[in-house]
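**Student:** Sharing input.pdb below, PDB, C-alpha atoms (C1' of nucleotides):
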ATOM      1  CA  MET W   3      14.199  11.685 -22.175
ATOM      2  CA  SER W   4      17.443  10.753 -20.473
ATOM      3  CA  PRO W   5      18.564   7.119 -20.567
ATOM      4  CA  ARG W   6      18.074   6.661 -16.843
ATOM      5  CA  SER W   7      14.585   8.090 -16.900
ATOM      6  CA  SER W   8      13.005   4.650 -17.138
ATOM      7  CA  THR W   9      14.061   3.799 -13.591
ATOM      8  CA  HIS W  10      14.028   7.344 -12.355
ATOM      9  CA  ALA W  11      10.503   8.090 -13.454
ATOM     10  CA  ASP W  12       8.729   5.316 -11.592
ATOM     11  CA  PRO W  13       7.509   7.203  -8.533
ATOM     12  CA  GLU W  14       6.492  10.156 -10.673
ATOM     13  CA  LEU W  15       4.833   7.907 -13.214
ATOM     14  CA  ALA W  16       3.020   6.108 -10.418
ATOM     15  CA  SER W  17       1.776   9.370  -8.997
ATOM     16  CA  ALA W  18       0.642  10.804 -12.310
ATOM     17  CA  LEU W  19      -0.981   7.573 -13.365
ATOM     18  CA  ARG W  20      -2.767   6.997 -10.083
ATOM     19  CA  ILE W  21      -4.268  10.459 -10.055
ATOM     20  CA  ALA W  22      -5.326  10.311 -13.698
ATOM     21  CA  VAL W  23      -6.861   6.856 -13.391
ATOM     22  CA  MET W  24      -8.760   7.666 -10.204
ATOM     23  CA  ARG W  25     -10.098  10.913 -11.624
ATOM     24  CA  LEU W  26     -11.212   9.326 -14.855
ATOM     25  CA  ALA W  27     -12.809   6.402 -13.032
ATOM     26  CA  ARG W  28     -14.755   8.818 -10.835
ATOM     27  CA  ARG W  29     -15.918  10.686 -13.910
ATOM     28  CA  LEU W  30     -16.995   7.492 -15.646
ATOM     29  CA  ARG W  31     -18.756   6.211 -12.556
ATOM     30  CA  ALA W  32     -20.830   9.367 -12.419
ATOM     31  CA  GLU W  33     -22.278   8.476 -15.818
ATOM     32  CA  ARG W  34     -24.185   5.495 -14.508
ATOM     33  CA  VAL W  35     -27.531   4.651 -15.944
ATOM     34  CA  GLN W  36     -30.464   6.327 -14.262
ATOM     35  CA  THR W  37     -32.154   3.510 -12.479
ATOM     36  CA  ASP W  38     -32.911   3.210  -8.829
ATOM     37  CA  LEU W  39     -30.563   0.259  -8.476
ATOM     38  CA  THR W  40     -27.685   0.798  -6.085
ATOM     39  CA  LEU W  41     -24.080   0.246  -7.093
ATOM     40  CA  THR W  42     -24.054  -2.910  -4.975
ATOM     41  CA  GLN W  43     -26.995  -4.294  -6.885
ATOM     42  CA  LEU W  44     -25.568  -3.334 -10.274
ATOM     43  CA  SER W  45     -22.239  -4.848  -9.330
ATOM     44  CA  ALA W  46     -23.864  -8.101  -8.241
ATOM     45  CA  LEU W  47     -25.751  -8.305 -11.530
ATOM     46  CA  ALA W  48     -22.588  -7.646 -13.528
ATOM     47  CA  CYS W  49     -20.772 -10.342 -11.567
ATOM     48  CA  LEU W  50     -23.517 -12.876 -12.255
ATOM     49  CA  GLU W  51     -23.490 -12.006 -15.927
ATOM     50  CA  ARG W  52     -19.728 -12.316 -16.104
ATOM     51  CA  HIS W  53     -19.406 -15.612 -14.229
ATOM     52  CA  GLY W  54     -22.696 -17.279 -15.085
ATOM     53  CA  PRO W  55     -25.045 -18.764 -12.458
ATOM     54  CA  LEU W  56     -23.644 -18.680  -8.928
ATOM     55  CA  THR W  57     -24.932 -19.625  -5.497
ATOM     56  CA  PRO W  58     -25.614 -16.755  -3.085
ATOM     57  CA  GLY W  59     -22.538 -17.763  -1.091
ATOM     58  CA  GLU W  60     -20.278 -17.692  -4.136
ATOM     59  CA  LEU W  61     -21.680 -14.352  -5.235
ATOM     60  CA  ALA W  62     -21.171 -12.911  -1.748
ATOM     61  CA  ALA W  63     -17.549 -14.054  -1.806
ATOM     62  CA  HIS W  64     -16.972 -12.492  -5.228
ATOM     63  CA  GLU W  65     -18.534  -9.216  -4.164
ATOM     64  CA  LYS W  66     -16.757  -9.195  -0.806
ATOM     65  CA  VAL W  67     -19.904  -9.026   1.300
ATOM     66  CA  GLN W  68     -21.294 -11.417   3.892
ATOM     67  CA  PRO W  69     -23.933 -13.975   2.819
ATOM     68  CA  PRO W  70     -26.848 -12.305   4.647
ATOM     69  CA  SER W  71     -26.097  -9.065   2.808
ATOM     70  CA  MET W  72     -26.218 -10.882  -0.498
ATOM     71  CA  THR W  73     -29.481 -12.557   0.468
ATOM     72  CA  ARG W  74     -30.973  -9.110   0.765
ATOM     73  CA  VAL W  75     -29.556  -7.924  -2.540
ATOM     74  CA  ALA W  76     -30.759 -11.086  -4.278
ATOM     75  CA  THR W  77     -34.233 -10.667  -2.794
ATOM     76  CA  VAL W  78     -34.524  -7.149  -4.209
ATOM     77  CA  LEU W  79     -33.181  -8.176  -7.601
ATOM     78  CA  ALA W  80     -35.483 -11.208  -7.758
ATOM     79  CA  ALA W  81     -38.498  -9.070  -6.842
ATOM     80  CA  ARG W  82     -37.671  -6.777  -9.766
ATOM     81  CA  GLY W  83     -37.310  -9.656 -12.171
ATOM     82  CA  LEU W  84     -33.575  -9.141 -12.621
ATOM     83  CA  VAL W  85     -32.385 -12.479 -11.240
ATOM     84  CA  ASP W  86     -33.823 -15.968 -11.246
ATOM     85  CA  ARG W  87     -33.397 -18.271  -8.276
ATOM     86  CA  VAL W  88     -33.489 -21.968  -9.129
ATOM     87  CA  PRO W  89     -32.782 -24.919  -6.811
ATOM     88  CA  HIS W  90     -29.378 -26.500  -7.155
ATOM     89  CA  PRO W  91     -29.749 -29.716  -9.195
ATOM     90  CA  SER W  92     -27.892 -31.982  -6.770
ATOM     91  CA  ASP W  93     -27.738 -30.167  -3.403
ATOM     92  CA  GLY W  94     -31.079 -29.210  -1.909
ATOM     93  CA  ARG W  95     -29.491 -26.664   0.417
ATOM     94  CA  GLN W  96     -28.142 -24.551  -2.391
ATOM     95  CA  VAL W  97     -29.728 -22.129  -4.823
ATOM     96  CA  LEU W  98     -28.459 -20.883  -8.151
ATOM     97  CA  LEU W  99     -28.801 -17.231  -9.069
ATOM     98  CA  SER W 100     -28.714 -16.118 -12.692
ATOM     99  CA  VAL W 101     -29.434 -12.901 -14.577
ATOM    100  CA  THR W 102     -32.654 -12.521 -16.552
ATOM    101  CA  ALA W 103     -32.989 -11.052 -20.031
ATOM    102  CA  ALA W 104     -34.202  -7.804 -18.433
ATOM    103  CA  ALA W 105     -31.003  -7.601 -16.402
ATOM    104  CA  ARG W 106     -28.863  -8.159 -19.480
ATOM    105  CA  ALA W 107     -30.636  -5.317 -21.233
ATOM    106  CA  LEU W 108     -30.120  -3.069 -18.221
ATOM    107  CA  LEU W 109     -26.412  -3.878 -18.060
ATOM    108  CA  VAL W 110     -26.009  -3.226 -21.766
ATOM    109  CA  GLU W 111     -27.677   0.150 -21.349
ATOM    110  CA  ASP W 112     -25.508   0.960 -18.343
ATOM    111  CA  ARG W 113     -22.347   0.280 -20.314
ATOM    112  CA  ARG W 114     -23.627   2.127 -23.354
ATOM    113  CA  ARG W 115     -24.188   5.317 -21.349
ATOM    114  CA  ARG W 116     -20.785   5.246 -19.788
ATOM    115  CA  GLU W 117     -19.156   4.653 -23.110
ATOM    116  CA  ALA W 118     -21.191   7.343 -24.830
ATOM    117  CA  TRP W 119     -19.541   9.992 -22.695
ATOM    118  CA  LEU W 120     -16.105   8.553 -23.359
ATOM    119  CA  VAL W 121     -16.640   8.151 -27.119
ATOM    120  CA  GLU W 122     -17.716  11.762 -27.308
ATOM    121  CA  HIS W 123     -14.646  13.035 -25.527
ATOM    122  CA  LEU W 124     -12.237  10.713 -27.309
ATOM    123  CA  ALA W 125     -13.416  12.254 -30.549
ATOM    124  CA  ALA W 126     -11.980  15.580 -29.404
ATOM    125  CA  LEU W 127      -8.474  14.125 -29.158
ATOM    126  CA  SER W 128      -5.907  13.974 -31.943
ATOM    127  CA  ALA W 129      -5.212  10.710 -33.750
ATOM    128  CA  ASP W 130      -1.839  10.517 -32.003
ATOM    129  CA  GLU W 131      -3.428  10.903 -28.609
ATOM    130  CA  ARG W 132      -5.965   8.193 -29.340
ATOM    131  CA  ALA W 133      -3.121   5.953 -30.482
ATOM    132  CA  ALA W 134      -1.328   6.586 -27.203
ATOM    133  CA  LEU W 135      -4.434   5.550 -25.259
ATOM    134  CA  LEU W 136      -4.917   2.497 -27.444
ATOM    135  CA  ALA W 137      -1.362   1.427 -26.638
ATOM    136  CA  ALA W 138      -1.832   2.082 -22.932
ATOM    137  CA  ALA W 139      -5.172   0.331 -22.446
ATOM    138  CA  PRO W 140      -3.910  -3.267 -22.451
ATOM    139  CA  ILE W 141      -1.046  -2.331 -20.128
ATOM    140  CA  LEU W 142      -3.451  -0.713 -17.687
ATOM    141  CA  ASP W 143      -5.623  -3.778 -17.829
ATOM    142  CA  ARG W 144      -2.672  -6.032 -17.128
ATOM    143  CA  LEU W 145      -1.699  -3.877 -14.148
ATOM    144  CA  ALA W 146      -5.236  -4.156 -12.820
ATOM    145  CA  GLY W 147      -5.141  -7.911 -13.098
ATOM    146  CA  ALA W 148      -1.857  -8.198 -11.219
TER     147      ALA W 148
ATOM    148  CA  MET D  13      -3.151  -0.524 -38.208
ATOM    149  CA  SER D  14      -5.254   0.583 -41.129
ATOM    150  CA  PRO D  15      -5.444   4.290 -42.015
ATOM    151  CA  ARG D  16      -9.111   4.500 -41.067
ATOM    152  CA  SER D  17      -8.560   2.887 -37.692
ATOM    153  CA  SER D  18      -8.367   6.221 -35.932
ATOM    154  CA  THR D  19     -12.027   6.907 -36.554
ATOM    155  CA  HIS D  20     -13.060   3.301 -36.694
ATOM    156  CA  ALA D  21     -11.500   2.361 -33.366
ATOM    157  CA  ASP D  22     -13.305   4.854 -31.159
ATOM    158  CA  PRO D  23     -16.053   2.626 -29.760
ATOM    159  CA  GLU D  24     -13.589  -0.196 -29.245
ATOM    160  CA  LEU D  25     -11.024   2.128 -27.691
ATOM    161  CA  ALA D  26     -13.710   3.521 -25.414
ATOM    162  CA  SER D  27     -14.716   0.057 -24.320
ATOM    163  CA  ALA D  28     -11.188  -1.172 -23.717
ATOM    164  CA  LEU D  29     -10.199   2.005 -21.945
ATOM    165  CA  ARG D  30     -13.268   2.130 -19.738
ATOM    166  CA  ILE D  31     -12.836  -1.431 -18.575
ATOM    167  CA  ALA D  32      -9.112  -1.033 -17.937
ATOM    168  CA  VAL D  33      -9.482   2.251 -16.075
ATOM    169  CA  MET D  34     -12.324   1.005 -13.902
ATOM    170  CA  ARG D  35     -10.512  -2.205 -13.033
ATOM    171  CA  LEU D  36      -7.291  -0.416 -12.161
ATOM    172  CA  ALA D  37      -9.132   2.184 -10.116
ATOM    173  CA  ARG D  38     -10.848  -0.577  -8.145
ATOM    174  CA  ARG D  39      -7.508  -2.222  -7.524
ATOM    175  CA  LEU D  40      -5.916   1.028  -6.381
ATOM    176  CA  ARG D  41      -8.871   1.851  -4.167
ATOM    177  CA  ALA D  42      -8.474  -1.477  -2.394
ATOM    178  CA  GLU D  43      -5.006  -0.362  -1.256
ATOM    179  CA  ARG D  44      -6.338   2.291   1.032
ATOM    180  CA  VAL D  45      -4.544   3.020   4.250
ATOM    181  CA  GLN D  46      -5.642   0.986   7.235
ATOM    182  CA  THR D  47      -7.438   3.495   9.351
ATOM    183  CA  ASP D  48     -10.958   3.370  10.611
ATOM    184  CA  LEU D  49     -11.938   6.395   8.560
ATOM    185  CA  THR D  50     -14.612   5.747   5.968
ATOM    186  CA  LEU D  51     -14.166   6.680   2.320
ATOM    187  CA  THR D  52     -16.623   9.531   2.826
ATOM    188  CA  GLN D  53     -14.505  10.947   5.604
ATOM    189  CA  LEU D  54     -11.248  10.500   3.699
ATOM    190  CA  SER D  55     -12.783  12.125   0.650
ATOM    191  CA  ALA D  56     -13.979  15.109   2.659
ATOM    192  CA  LEU D  57     -10.511  15.562   4.144
ATOM    193  CA  ALA D  58      -8.877  15.350   0.723
ATOM    194  CA  CYS D  59     -11.321  17.927  -0.611
ATOM    195  CA  LEU D  60     -10.549  20.319   2.237
ATOM    196  CA  GLU D  61      -6.839  19.872   1.692
ATOM    197  CA  ARG D  62      -7.194  20.468  -2.040
ATOM    198  CA  HIS D  63      -9.404  23.541  -1.845
ATOM    199  CA  GLY D  64      -8.325  25.061   1.431
ATOM    200  CA  PRO D  65     -10.765  26.074   4.195
ATOM    201  CA  LEU D  66     -14.437  25.679   3.230
ATOM    202  CA  THR D  67     -17.743  26.140   4.988
ATOM    203  CA  PRO D  68     -19.748  22.976   5.718
ATOM    204  CA  GLY D  69     -22.204  23.958   3.002
ATOM    205  CA  GLU D  70     -19.484  24.387   0.387
ATOM    206  CA  LEU D  71     -17.876  21.114   1.372
ATOM    207  CA  ALA D  72     -21.233  19.325   1.154
ATOM    208  CA  ALA D  73     -21.750  20.719  -2.337
ATOM    209  CA  HIS D  74     -18.284  19.609  -3.440
ATOM    210  CA  GLU D  75     -18.811  16.124  -2.049
ATOM    211  CA  LYS D  76     -22.337  15.870  -3.407
ATOM    212  CA  VAL D  77     -24.007  15.224  -0.066
ATOM    213  CA  GLN D  78     -26.632  17.199   1.817
ATOM    214  CA  PRO D  79     -25.512  19.670   4.509
ATOM    215  CA  PRO D  80     -26.768  17.604   7.463
ATOM    216  CA  SER D  81     -24.725  14.648   6.239
ATOM    217  CA  MET D  82     -21.627  16.803   6.122
ATOM    218  CA  THR D  83     -22.331  18.126   9.599
ATOM    219  CA  ARG D  84     -22.125  14.558  10.818
ATOM    220  CA  VAL D  85     -18.884  13.867   8.944
ATOM    221  CA  ALA D  86     -17.340  17.112  10.200
ATOM    222  CA  THR D  87     -18.313  16.286  13.769
ATOM    223  CA  VAL D  88     -16.514  12.945  13.602
ATOM    224  CA  LEU D  89     -13.442  14.466  11.959
ATOM    225  CA  ALA D  90     -13.302  17.322  14.467
ATOM    226  CA  ALA D  91     -13.594  14.896  17.384
ATOM    227  CA  ARG D  92     -10.571  13.030  16.037
ATOM    228  CA  GLY D  93      -8.538  16.166  15.614
ATOM    229  CA  LEU D  94      -8.512  15.969  11.829
ATOM    230  CA  VAL D  95     -10.375  19.187  11.103
ATOM    231  CA  ASP D  96     -10.556  22.560  12.798
ATOM    232  CA  ARG D  97     -13.775  24.555  12.915
ATOM    233  CA  VAL D  98     -13.289  28.281  13.204
ATOM    234  CA  PRO D  99     -15.961  30.999  13.034
ATOM    235  CA  HIS D 100     -16.204  32.813   9.744
ATOM    236  CA  PRO D 101     -14.502  36.215  10.095
ATOM    237  CA  SER D 102     -17.344  38.314   8.734
ATOM    238  CA  ASP D 103     -20.486  36.155   8.825
ATOM    239  CA  GLY D 104     -21.435  34.833  12.234
ATOM    240  CA  ARG D 105     -23.697  32.159  10.782
ATOM    241  CA  GLN D 106     -20.897  30.438   8.953
ATOM    242  CA  VAL D 107     -18.046  28.206  10.030
ATOM    243  CA  LEU D 108     -14.790  27.452   8.268
ATOM    244  CA  LEU D 109     -13.475  23.901   8.198
ATOM    245  CA  SER D 110      -9.797  23.213   7.584
ATOM    246  CA  VAL D 111      -7.495  20.197   7.803
ATOM    247  CA  THR D 112      -5.096  19.835  10.712
ATOM    248  CA  ALA D 113      -1.471  18.749  10.503
ATOM    249  CA  ALA D 114      -2.544  15.279  11.637
ATOM    250  CA  ALA D 115      -4.938  15.055   8.708
ATOM    251  CA  ARG D 116      -2.247  16.109   6.263
ATOM    252  CA  ALA D 117       0.023  13.370   7.556
ATOM    253  CA  LEU D 118      -2.770  10.850   7.228
ATOM    254  CA  LEU D 119      -3.492  11.862   3.647
ATOM    255  CA  VAL D 120       0.193  11.673   2.751
ATOM    256  CA  GLU D 121       0.349   8.171   4.176
ATOM    257  CA  ASP D 122      -2.807   7.166   2.322
ATOM    258  CA  ARG D 123      -1.321   8.255  -0.988
ATOM    259  CA  ARG D 124       2.017   6.686  -0.232
ATOM    260  CA  ARG D 125       0.433   3.271   0.308
ATOM    261  CA  ARG D 126      -1.559   3.391  -2.870
ATOM    262  CA  GLU D 127       1.478   4.389  -4.833
ATOM    263  CA  ALA D 128       3.639   1.724  -3.239
ATOM    264  CA  TRP D 129       1.551  -0.974  -4.862
ATOM    265  CA  LEU D 130       1.677   0.770  -8.214
ATOM    266  CA  VAL D 131       5.421   1.464  -8.088
ATOM    267  CA  GLU D 132       6.024  -2.188  -7.366
ATOM    268  CA  HIS D 133       3.977  -3.382 -10.314
ATOM    269  CA  LEU D 134       5.266  -0.716 -12.708
ATOM    270  CA  ALA D 135       8.745  -2.060 -12.058
ATOM    271  CA  ALA D 136       7.678  -5.357 -13.617
ATOM    272  CA  LEU D 137       6.893  -3.675 -16.939
ATOM    273  CA  SER D 138       9.300  -3.089 -19.798
ATOM    274  CA  ALA D 139      10.740   0.363 -20.430
ATOM    275  CA  ASP D 140       8.579   0.650 -23.538
ATOM    276  CA  GLU D 141       5.459  -0.150 -21.587
ATOM    277  CA  ARG D 142       6.295   2.423 -18.941
ATOM    278  CA  ALA D 143       6.896   4.962 -21.696
ATOM    279  CA  ALA D 144       3.463   4.175 -23.138
ATOM    280  CA  LEU D 145       1.851   4.808 -19.752
ATOM    281  CA  LEU D 146       3.829   7.992 -19.256
ATOM    282  CA  ALA D 147       2.507   9.259 -22.598
ATOM    283  CA  ALA D 148      -1.046   8.230 -21.748
ATOM    284  CA  ALA D 149      -1.248   9.675 -18.227
ATOM    285  CA  PRO D 150      -1.667  13.350 -19.164
ATOM    286  CA  ILE D 151      -4.258  12.432 -21.794
ATOM    287  CA  LEU D 152      -6.253  10.423 -19.273
ATOM    288  CA  ASP D 153      -6.076  13.316 -16.875
ATOM    289  CA  ARG D 154      -7.288  15.718 -19.512
ATOM    290  CA  LEU D 155     -10.202  13.399 -20.315
ATOM    291  CA  ALA D 156     -11.106  13.265 -16.639
ATOM    292  CA  GLY D 157     -11.145  17.023 -16.397
ATOM    293  CA  ALA D 158     -13.432  17.426 -19.410
TER     294      ALA D 158
ATOM    295  C1'  DT X   9     -37.582  37.471   5.558
ATOM    296  C1'  DA X  10     -33.651  34.743   3.787
ATOM    297  C1'  DT X  11     -29.718  32.008   4.774
ATOM    298  C1'  DT X  12     -26.394  28.939   7.396
ATOM    299  C1'  DG X  13     -25.789  25.367  10.191
ATOM    300  C1'  DT X  14     -27.544  21.945  13.298
ATOM    301  C1'  DT X  15     -30.790  18.674  15.501
ATOM    302  C1'  DA X  16     -34.607  15.187  15.042
ATOM    303  C1'  DT X  17     -36.065  11.366  12.699
ATOM    304  C1'  DA X  18     -36.427   7.753   9.154
ATOM    305  C1'  DC X  19     -34.604   4.704   5.601
ATOM    306  C1'  DT X  20     -31.002   1.947   3.338
ATOM    307  C1'  DC X  21     -27.003  -0.965   3.482
ATOM    308  C1'  DT X  22     -24.146  -4.072   5.768
ATOM    309  C1'  DA X  23     -22.696  -6.777   9.647
ATOM    310  C1'  DT X  24     -22.981 -10.541  13.385
ATOM    311  C1'  DA X  25     -25.762 -14.012  15.691
ATOM    312  C1'  DA X  26     -29.411 -17.255  15.747
ATOM    313  C1'  DC X  27     -32.380 -20.369  13.153
ATOM    314  C1'  DT X  28     -33.964 -23.907   9.474
ATOM    315  C1'  DA X  29     -33.220 -27.349   6.200
ATOM    316  C1'  DT X  30     -30.314 -30.528   3.888
ATOM    317  C1'  DA X  31     -25.751 -33.484   3.436
TER     318       DA X  31
ATOM    319  C1'  DT H  14     -22.302 -32.870  12.973
ATOM    320  C1'  DA H  15     -21.311 -29.654   9.203
ATOM    321  C1'  DT H  16     -22.915 -26.622   5.655
ATOM    322  C1'  DA H  17     -26.007 -23.294   2.797
ATOM    323  C1'  DG H  18     -29.184 -20.076   3.138
ATOM    324  C1'  DT H  19     -32.264 -17.153   5.563
ATOM    325  C1'  DT H  20     -34.251 -14.379   9.358
ATOM    326  C1'  DA H  21     -33.550 -11.252  13.459
ATOM    327  C1'  DT H  22     -31.345  -7.481  15.103
ATOM    328  C1'  DA H  23     -27.982  -3.700  15.425
ATOM    329  C1'  DG H  24     -24.713  -0.109  13.715
ATOM    330  C1'  DA H  25     -23.171   3.154  10.025
ATOM    331  C1'  DG H  26     -24.318   6.555   6.548
ATOM    332  C1'  DT H  27     -27.341   9.574   4.255
ATOM    333  C1'  DA H  28     -31.730  11.850   3.450
ATOM    334  C1'  DT H  29     -35.707  15.159   4.469
ATOM    335  C1'  DA H  30     -38.029  18.155   7.775
ATOM    336  C1'  DA H  31     -37.938  21.172  11.609
ATOM    337  C1'  DC H  32     -35.323  24.430  14.479
ATOM    338  C1'  DA H  33     -31.927  28.225  16.108
ATOM    339  C1'  DA H  34     -28.995  31.920  15.108
ATOM    340  C1'  DT H  35     -27.432  35.556  12.184
ATOM    341  C1'  DA H  36     -27.743  38.827   7.894
TER     342       DA H  36
END
Please render this file's structure as structure tokens.
**Tutor:**
Amino acid sequence: MSPRSSTHADPELASALRIAVMRLARRLRAERVQTDLTLTQLSALACLERHGPLTPGELAAHEKVQPPSMTRVATVLAARGLVDRVPHPSDGRQVLLSVTAAARALLVEDRRRREAWLVEHLAALSADERAALLAAAPILDRLAGA
Amino acid sequence: MSPRSSTHADPELASALRIAVMRLARRLRAERVQTDLTLTQLSALACLERHGPLTPGELAAHEKVQPPSMTRVATVLAARGLVDRVPHPSDGRQVLLSVTAAARALLVEDRRRREAWLVEHLAALSADERAALLAAAPILDRLAGA
DNA sequence: TATTGTTATACTCTATAACTATA
DNA sequence: TATAGTTATAGAGTATAACAATA
């Protein structure tokens, strides 16, 4: 590589990286667990698990949907025993949503399936290639958090 | 790293990589061009551009939707001057859909915006970090194509 | 008769507006 | 009066079933 390639390569790196990341994400998304939950519902569950109990309003804000939409999602999830709704301890207007044990199991299974595909295909790479991905992963994650 | 890490690390690498790729993809997706086209419509256009002229049935199969759904998408895109519908040369039942120049310009702009964000944030990385991503990109792409 | 595409119709998801209950 | 949540209603998007045209 030429010395100036580090500045020079940025647009090309961006292009190559964007395409590769989007393609791989699409492939991984396709491996979702076979359940009749929608992506919206799965995403809401994952958000609740990640952040702990939230009010419907907070969850709607996290998931970038309007409160009435989240009401509907929460109703479905509650009916299937995947979320609990408990009254807020100090404010009678509010409700707290939290994931049930069944939901945790479902999320674990969802992740396991997606990773199973990836583990299988990582095994086909060389040790050097895996090392390259291992080095890249935290940088990708940092980019995503920016 | 220990000598056995290359086998040992696979589940952990898979987990770290999956999370990073999905997060970054979500972030990149959020940078979509401000147009009132839906993701379905944009995706159909991109598919047509990538593969060249296709019949509605072929396009529906590529995009994993049913033919009537694609009819609807194609109708909207045709009304906006983003796709052309021409009769199939040899089979009168079929139609060929293709992107117009306006659609190509729109897709170029869409990609440019997504890359703009990435270029900006890549510039904040060190040269070593960019080199690590440059090495990883083709491997990620190969994984996605598997 | 089989196939391609479209039209008819229904269901899901999400949104805005109106309503209820609590602060 | 302001706020949290829900209910009422409407607009996309996609699906299945039925139809029209061509092979």
**Student:** Using only C-alpha atoms (C1' of nucleotides), which protein or nucleic acid residues come within 10 Å of range 20-36 of chain H? Drop anything in the same chain fewer than 5 positions from it, and give the result as a ChimeraX atom specification.
**Tutor:** /W:70 /D:50,52,77-78,80-82,84-85,103-106 /X:10-28
**Student:** Would you work out the distance separating CA of Leu94 in chain D from CA of Leu119 in chain D, expressed in Å to one decimal?
**Tutor:** 10.4 Å
**Student:** Might I get the box with edges along x, y and z of the file that holds all atoms of range 113-131 of chain D listed there, padded by 5 Å on every side, given as centre and edge lengths in Å to one decimal, as AutoDock Vina command-line options?
**Tutor:**
--center_x 0.2 --center_y 8.9 --center_z 1.7 --size_x 20.4 --size_y 29.7 --size_z 29.9
**Student:** Applying 8 Å and all atoms listed in the file, which residues near Ala27 in chain W remain after dropping the ones on its own chain fewer than 5 positions away? List them as a VMD selection string.
**Tutor:** chain D and resid 30 33 to 34 37 156
**Student:** Could you write those residues out with C-alpha atoms, as an mmCIF file, keeping the file's coordinate frame?
**Tutor:**
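The result, written out as out.cif:
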data_model
loop_
_atom_site.group_PDB
_atom_site.id
_atom_site.type_symbol
_atom_site.label_atom_id
_atom_site.label_comp_id
_atom_site.auth_asym_id
_atom_site.auth_seq_id
_atom_site.Cartn_x
_atom_site.Cartn_y
_atom_site.Cartn_z
ATOM 1 C CA ARG D 30 -13.268 2.130 -19.738
ATOM 2 C CA VAL D 33 -9.482 2.251 -16.075
ATOM 3 C CA MET D 34 -12.324 1.005 -13.902
ATOM 4 C CA ALA D 37 -9.132 2.184 -10.116
ATOM 5 C CA ALA D 156 -11.106 13.265 -16.639
#
**Student:** For the file shown, what are the residues hit by the PyMOL selection byres ((chain H) within 10 of (chain W)), laid out as a list in words?
**Tutor:**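 Going through the file, the PyMOL selection byres ((chain H) within 10 of (chain W)) ends up selecting DT16, DA17, DG18, DT19 and DT20 of chain H.
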**Student:** For the structure provided, state which residues fall under the PyMOL selection byres ((chain W) within 6 of (chain D)), and present them as a PDB file with C-alpha atoms, in the frame of the given file.
**Tutor:**
ATOM      1  CA  SER W   8      13.005   4.650 -17.138  1.00  0.00           C
ATOM      2  CA  ALA W  16       3.020   6.108 -10.418  1.00  0.00           C
ATOM      3  CA  LEU W  19      -0.981   7.573 -13.365  1.00  0.00           C
ATOM      4  CA  ALA W  22      -5.326  10.311 -13.698  1.00  0.00           C
ATOM      5  CA  VAL W  23      -6.861   6.856 -13.391  1.00  0.00           C
ATOM      6  CA  MET W  24      -8.760   7.666 -10.204  1.00  0.00           C
ATOM      7  CA  ARG W  25     -10.098  10.913 -11.624  1.00  0.00           C
ATOM      8  CA  LEU W  26     -11.212   9.326 -14.855  1.00  0.00           C
ATOM      9  CA  ALA W  27     -12.809   6.402 -13.032  1.00  0.00           C
ATOM     10  CA  LEU W 120     -16.105   8.553 -23.359  1.00  0.00           C
ATOM     11  CA  VAL W 121     -16.640   8.151 -27.119  1.00  0.00           C
ATOM     12  CA  ALA W 129      -5.212  10.710 -33.750  1.00  0.00           C
ATOM     13  CA  ALA W 134      -1.328   6.586 -27.203  1.00  0.00           C
ATOM     14  CA  LEU W 135      -4.434   5.550 -25.259  1.00  0.00           C
ATOM     15  CA  ALA W 138      -1.832   2.082 -22.932  1.00  0.00           C
ATOM     16  CA  ALA W 139      -5.172   0.331 -22.446  1.00  0.00           C
ATOM     17  CA  LEU W 142      -3.451  -0.713 -17.687  1.00  0.00           C
ATOM     18  CA  ASP W 143      -5.623  -3.778 -17.829  1.00  0.00           C
ATOM     19  CA  ALA W 146      -5.236  -4.156 -12.820  1.00  0.00           C
TER      20      ALA W 146
END
**Student:** Which distance in Å separates CA of Ala56 in chain D and CA of Ala42 in chain D, to one decimal?
**Tutor:**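 Taking CA of Ala56 in chain D and CA of Ala42 in chain D, their separation equals 18.2 Å.
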**Student:** For chain X, which residue among W:Leu50, W:Leu41, W:Val35, W:Leu61 is the nearest when counting only C-alpha atoms (C1' of nucleotides)?
**Tutor:**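 Checking each of W:Leu50, W:Leu41, W:Val35, W:Leu61 against chain X, counting only C-alpha atoms (C1' of nucleotides), the winner is W:Leu41.
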**Student:** Could you tell me how far CA of Leu79 in chain W lies from CA of Asp38 in chain W, in Å and to one decimal?
**Tutor:**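 These atoms are spaced 11.5 Å apart.
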**Student:** Using all atoms listed in the file, which of W:Ala62, W:Leu47, W:Ala105, W:Ser100 sits nearest chain X?
**Tutor:**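 Between W:Ala62, W:Leu47, W:Ala105, W:Ser100, the residue approaching chain X most closely is W:Ala62.
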